[in-house]
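This report refers to the structure that appears directly beneath it.
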Amino acid sequence: MLWYDQNARELPWRVRNGRPDPYRVWISEVMLQQTRAEAVIPYFERFLRTLPDIPSLAAADEDTLYRLWEGLGYYSRVRNLSRAARVLTQSFGGTLPGDYDTLCTLPGIGDYTAGAIASIAFGQPVPAVDGNVLRVFARYFSDARDILSPSVRRDIRAQAARELPVSRPGDFNQALMDLGASVCIPNAAPRCELCPLRETCAGYADGTAALLPNRAPKKPRRIEPLTVFVLRCGSRAALSRRGENGVLAGQWELPNVPGALLPDEAAAVLRGWGLEPEILEPLPPARHIFTHLEWQMTGYSVRVRAESGGLSWFCPDALLTQIALPSAFRAYRGYLTD
């Protein structure tokens, strides 16, 4: 723990010599899933300024939530935050419970997040095993098994629980996170010369640390061609809502159809929507990569005679200040208001 006391990262959701607000721990840990701490900080601070507590989060409308989350990706995380906040408001008096098992019953809170909240905010002696901790333990024990395997994750969690000091469980969990983020780093050789665990690390002793952890090969991403329309009528532009299931569920999007359409095919689709294109110009192709999916997008900038097509039409100010458009459409966003 001496290494952590001297080297802990200064982060806005942490406090020294005490326990932080459980709400701040919860929001930060959800944001930190799939996102580096340095990138999270401005989003965290903006989110807390707008929604400083559980009741305000529970009352926030969907567009506000998406706007605050815009740029972080994995929007199911913020939808689950909202759902959990409503449960907490209705059943827990607007506060987070400190019990690990109860935390695990809330939407979007799994094994790791529950362990982080319970240990950091409430001092409960439970481990919090994220990707950083998995990597540290795989290297420390020279464990060549696939760390994506559920059974291996369970074993490492059990190892972490055995090592956990009852007096400072939250600091111990955060120390492992910081060690993995700054010393036992991902996708590169570990900085063993800086590591406080070097003398007892099996991976360092047998020279395997830089080769670990092992992961099963990922399945190839599914390629999905998409034709995207930037539709303008006067100064207003059209958006549509995605369905409640699947990628980017429930969010605003640029109108689109499957496939890479030629201009004549694109115009025919628009007429089928009840829109008459006056100008239809190709835009540069773009792509967006999700975890298991890649969109390869063909784009068209289109001027139409009248607002129609069952779409929602917005003025430039609303598009810039009120609507959260997922980063998947970032390549075409500038054409909405030019």
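Residues in the structure tokens are named by chain (A, B, ... in the order shown) and by number from 1 within that chain; ligands are numbered from 1 in the order shown.
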_I need the residues in stretch 89-182 of chain A that are alpha helix (DSSP H) according to DSSP; give them as a PyMOL selection string._
chain A and resi 89-91+100-103+111-116+122+131-140+150-163+169-182
*asked:* Need to verify the contact set: stretch 47-58 of chain A, 12 Å, only C-alpha atoms, exclusion of same-chain residues closer than 2 positions in sequence. Can you return it as a PyMOL selection string?
replied: chain A and resi 12-13+21-28+31+40-45+60-62+64-70+72+78-90+92-96
Identify, on the basis of only C-alpha atoms, every residue whose closest approach to A:Ala210 does not exceed 10 Å; exclude the query and any residue fewer than 2 positions from it along the same chain; express the result as a PDB file with C-alpha atoms, in the first residue's frame.
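File result-v4.pdb, as written:
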ATOM      1  CA  ARG A 139       1.587 -11.476 -15.118  1.00  0.00           C
ATOM      2  CA  CYS A 184       1.792  -3.101 -15.726  1.00  0.00           C
ATOM      3  CA  ILE A 185       0.407  -1.433 -18.832  1.00  0.00           C
ATOM      4  CA  PRO A 186      -1.750  -2.940 -21.605  1.00  0.00           C
ATOM      5  CA  ASN A 187      -0.624  -3.676 -25.159  1.00  0.00           C
ATOM      6  CA  ALA A 188       3.019  -3.076 -24.307  1.00  0.00           C
ATOM      7  CA  ALA A 189       5.877  -4.455 -22.259  1.00  0.00           C
ATOM      8  CA  PRO A 190       5.303  -3.845 -18.542  1.00  0.00           C
ATOM      9  CA  ARG A 191       7.520  -1.255 -16.839  1.00  0.00           C
ATOM     10  CA  CYS A 192       8.960  -3.803 -14.452  1.00  0.00           C
ATOM     11  CA  GLY A 203       6.166 -13.343 -14.724  1.00  0.00           C
ATOM     12  CA  TYR A 204       9.183 -11.116 -14.145  1.00  0.00           C
ATOM     13  CA  GLY A 207      10.550 -13.698 -18.396  1.00  0.00           C
ATOM     14  CA  THR A 208       6.916 -14.195 -19.430  1.00  0.00           C
ATOM     15  CA  LEU A 212       0.950 -12.040 -20.959  1.00  0.00           C
ATOM     16  CA  PRO A 213      -1.978 -11.954 -20.632  1.00  0.00           C
TER      17      PRO A 213
END
_Ranking A:Ile223, A:Ala318, A:Val304, A:Val230 by minimum distance to A:His288 and counting only C-alpha atoms, which one comes first?_
A:Ile223
*Hey, what's within 8 Å of A:Pro127 if we count only C-alpha atoms and toss same-chain stuff fewer than 2 positions away? As JSON, numbers by chain, please?*
{"A": [112, 115, 116, 119, 125, 129, 157, 160, 161, 164, 169, 173]}
Contact residues around A:Asp178 with only C-alpha atoms at 10 Å, ignoring same-chain residues under 4 positions, as a compact mmCIF listing (two decimals) with N, CA, C and O atoms, in the first residue's frame:
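Full text of out06.txt as output:
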# COMPACT_ATOMS: atom_id res chain seq x y z
N TYR A 4 0.95 2.83 -3.41
CA TYR A 4 -0.27 3.56 -3.75
C TYR A 4 -0.31 4.90 -3.02
O TYR A 4 -0.69 5.92 -3.59
N ASN A 7 1.95 7.08 -5.03
CA ASN A 7 1.81 7.18 -6.48
C ASN A 7 0.37 7.21 -6.99
O ASN A 7 0.16 7.18 -8.20
N ALA A 8 -0.60 7.26 -6.10
CA ALA A 8 -2.00 7.23 -6.53
C ALA A 8 -2.30 8.37 -7.49
O ALA A 8 -1.86 9.51 -7.29
N ARG A 9 -3.05 8.07 -8.55
CA ARG A 9 -3.44 9.09 -9.51
C ARG A 9 -4.42 10.07 -8.86
O ARG A 9 -5.29 9.67 -8.10
N ASN A 132 -7.47 -4.14 -15.89
CA ASN A 132 -6.15 -3.86 -15.32
C ASN A 132 -5.76 -4.92 -14.30
O ASN A 132 -4.62 -5.40 -14.28
N VAL A 133 -6.70 -5.27 -13.44
CA VAL A 133 -6.40 -6.24 -12.39
C VAL A 133 -6.18 -7.63 -12.98
O VAL A 133 -5.27 -8.36 -12.55
N PHE A 172 -6.75 -0.82 -1.76
CA PHE A 172 -6.08 -1.96 -2.38
C PHE A 172 -6.58 -2.16 -3.81
O PHE A 172 -5.78 -2.33 -4.75
N ASN A 173 -7.89 -2.12 -3.99
CA ASN A 173 -8.45 -2.28 -5.34
C ASN A 173 -7.99 -1.17 -6.27
O ASN A 173 -7.63 -1.41 -7.43
N GLN A 174 -7.97 0.06 -5.76
CA GLN A 174 -7.53 1.18 -6.59
C GLN A 174 -6.03 1.11 -6.87
O GLN A 174 -5.57 1.53 -7.94
N SER A 182 -0.58 2.29 -15.09
CA SER A 182 0.63 3.10 -15.23
C SER A 182 1.93 2.32 -15.26
O SER A 182 2.94 2.82 -15.76
N VAL A 183 1.93 1.08 -14.76
CA VAL A 183 3.17 0.29 -14.70
C VAL A 183 3.01 -1.02 -15.46
O VAL A 183 3.76 -1.30 -16.40
N CYS A 184 2.04 -1.81 -15.07
CA CYS A 184 1.79 -3.10 -15.73
C CYS A 184 0.82 -2.86 -16.88
O CYS A 184 -0.29 -3.38 -16.93
N ILE A 185 1.28 -2.07 -17.85
CA ILE A 185 0.41 -1.43 -18.83
C ILE A 185 -0.08 -2.40 -19.92
O ILE A 185 0.55 -3.42 -20.18
Which residues, written as an mmCIF file with C-alpha atoms, in the first residue's frame, have at least one atom at most 12 Å from A:Leu262, with only C-alpha atoms counted and residues fewer than 5 positions away on the same chain left out?
data_model
loop_
_atom_site.group_PDB
_atom_site.id
_atom_site.type_symbol
_atom_site.label_atom_id
_atom_site.label_comp_id
_atom_site.auth_asym_id
_atom_site.auth_seq_id
_atom_site.Cartn_x
_atom_site.Cartn_y
_atom_site.Cartn_z
ATOM 1 C CA LEU A 226 -25.048 1.492 -44.918
ATOM 2 C CA THR A 227 -26.313 4.421 -46.973
ATOM 3 C CA VAL A 228 -26.673 7.578 -44.878
ATOM 4 C CA ALA A 267 -33.237 8.885 -54.899
ATOM 5 C CA ALA A 268 -35.751 6.060 -55.284
ATOM 6 C CA VAL A 269 -35.578 5.325 -51.549
ATOM 7 C CA LEU A 280 -28.533 14.848 -54.334
ATOM 8 C CA GLU A 281 -24.759 14.956 -53.961
ATOM 9 C CA PRO A 282 -22.403 12.152 -52.884
ATOM 10 C CA LEU A 283 -20.458 12.673 -49.665
ATOM 11 C CA THR A 298 -22.030 5.689 -48.298
ATOM 12 C CA GLY A 299 -23.270 9.232 -47.760
ATOM 13 C CA TYR A 300 -25.507 11.652 -49.660
#
*For A:Asn256: contacts at 12 Å, only C-alpha atoms, fewer than 3 positions along chain excluded, given as a PyMOL selection string*: chain A and resi 225-231+238-242+252-253+259-261+266+269-270+273+295-301+311+329
Filtering to N, CA and C atoms, could you give me those residues as a compact mmCIF listing (two decimals), in the first residue's frame?
# COMPACT_ATOMS: atom_id res chain seq x y z
N PRO A 225 -22.67 -2.66 -44.77
CA PRO A 225 -22.76 -1.44 -45.59
C PRO A 225 -24.05 -0.68 -45.28
N LEU A 226 -23.94 0.64 -45.31
CA LEU A 226 -25.05 1.49 -44.92
C LEU A 226 -25.04 2.73 -45.80
N THR A 227 -26.20 3.15 -46.26
CA THR A 227 -26.31 4.42 -46.97
C THR A 227 -26.96 5.44 -46.05
N VAL A 228 -26.28 6.56 -45.85
CA VAL A 228 -26.67 7.58 -44.88
C VAL A 228 -27.08 8.85 -45.62
N PHE A 229 -28.18 9.46 -45.19
CA PHE A 229 -28.70 10.66 -45.83
C PHE A 229 -28.59 11.87 -44.89
N VAL A 230 -27.95 12.93 -45.39
CA VAL A 230 -28.00 14.23 -44.72
C VAL A 230 -29.08 15.02 -45.45
N LEU A 231 -30.26 15.09 -44.86
CA LEU A 231 -31.44 15.66 -45.51
C LEU A 231 -31.69 17.08 -45.01
N ALA A 238 -33.06 16.73 -41.08
CA ALA A 238 -33.88 15.62 -40.61
C ALA A 238 -33.06 14.60 -39.83
N LEU A 239 -33.66 14.10 -38.76
CA LEU A 239 -33.13 12.98 -38.01
C LEU A 239 -34.26 11.98 -37.79
N SER A 240 -33.88 10.78 -37.42
CA SER A 240 -34.86 9.77 -37.05
C SER A 240 -34.40 9.08 -35.78
N ARG A 241 -35.30 8.38 -35.14
CA ARG A 241 -34.97 7.63 -33.92
C ARG A 241 -34.72 6.18 -34.27
N ARG A 242 -33.67 5.61 -33.69
CA ARG A 242 -33.44 4.19 -33.83
C ARG A 242 -34.42 3.42 -32.94
N TRP A 252 -31.01 9.28 -31.52
CA TRP A 252 -31.16 9.97 -32.79
C TRP A 252 -30.11 9.48 -33.77
N GLU A 253 -30.46 9.49 -35.04
CA GLU A 253 -29.53 9.08 -36.08
C GLU A 253 -29.83 9.84 -37.36
N GLY A 259 -27.13 -1.24 -47.10
CA GLY A 259 -26.58 -1.34 -48.44
C GLY A 259 -25.85 -0.09 -48.88
N ALA A 260 -25.04 -0.24 -49.91
CA ALA A 260 -24.31 0.88 -50.52
C ALA A 260 -25.03 1.25 -51.81
N LEU A 261 -25.90 2.27 -51.73
CA LEU A 261 -26.76 2.59 -52.86
C LEU A 261 -26.09 3.55 -53.83
N ALA A 266 -30.57 5.66 -54.34
CA ALA A 266 -30.80 6.50 -53.17
C ALA A 266 -32.00 7.42 -53.39
N VAL A 269 -35.24 5.53 -52.96
CA VAL A 269 -35.58 5.33 -51.55
C VAL A 269 -36.24 6.57 -50.97
N LEU A 270 -35.68 7.74 -51.27
CA LEU A 270 -36.24 8.99 -50.74
C LEU A 270 -37.66 9.22 -51.25
N TRP A 273 -40.09 7.41 -49.39
CA TRP A 273 -40.40 8.02 -48.10
C TRP A 273 -41.30 9.25 -48.25
N TRP A 295 -19.56 -0.44 -39.56
CA TRP A 295 -20.39 0.20 -40.57
C TRP A 295 -19.50 0.79 -41.65
N GLN A 296 -19.77 0.46 -42.88
CA GLN A 296 -19.10 1.08 -44.02
C GLN A 296 -20.16 1.92 -44.74
N MET A 297 -20.02 3.24 -44.62
CA MET A 297 -21.11 4.15 -44.98
C MET A 297 -20.88 4.87 -46.30
N THR A 298 -21.92 4.86 -47.10
CA THR A 298 -22.03 5.69 -48.30
C THR A 298 -22.95 6.86 -47.94
N GLY A 299 -22.50 8.08 -48.19
CA GLY A 299 -23.27 9.23 -47.76
C GLY A 299 -23.77 10.08 -48.91
N TYR A 300 -24.95 10.71 -48.69
CA TYR A 300 -25.51 11.65 -49.66
C TYR A 300 -26.02 12.89 -48.93
N SER A 301 -25.67 14.05 -49.46
CA SER A 301 -26.26 15.31 -49.02
C SER A 301 -27.43 15.61 -49.95
N LEU A 311 -40.06 11.87 -40.69
CA LEU A 311 -38.83 12.19 -39.98
C LEU A 311 -39.05 13.37 -39.05
N PHE A 329 -21.93 8.78 -36.53
CA PHE A 329 -22.28 9.66 -37.65
C PHE A 329 -21.42 10.93 -37.68
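Going from atom CA of A:Arg232 to atom CA of A:Val302 covers 6.1 Å.
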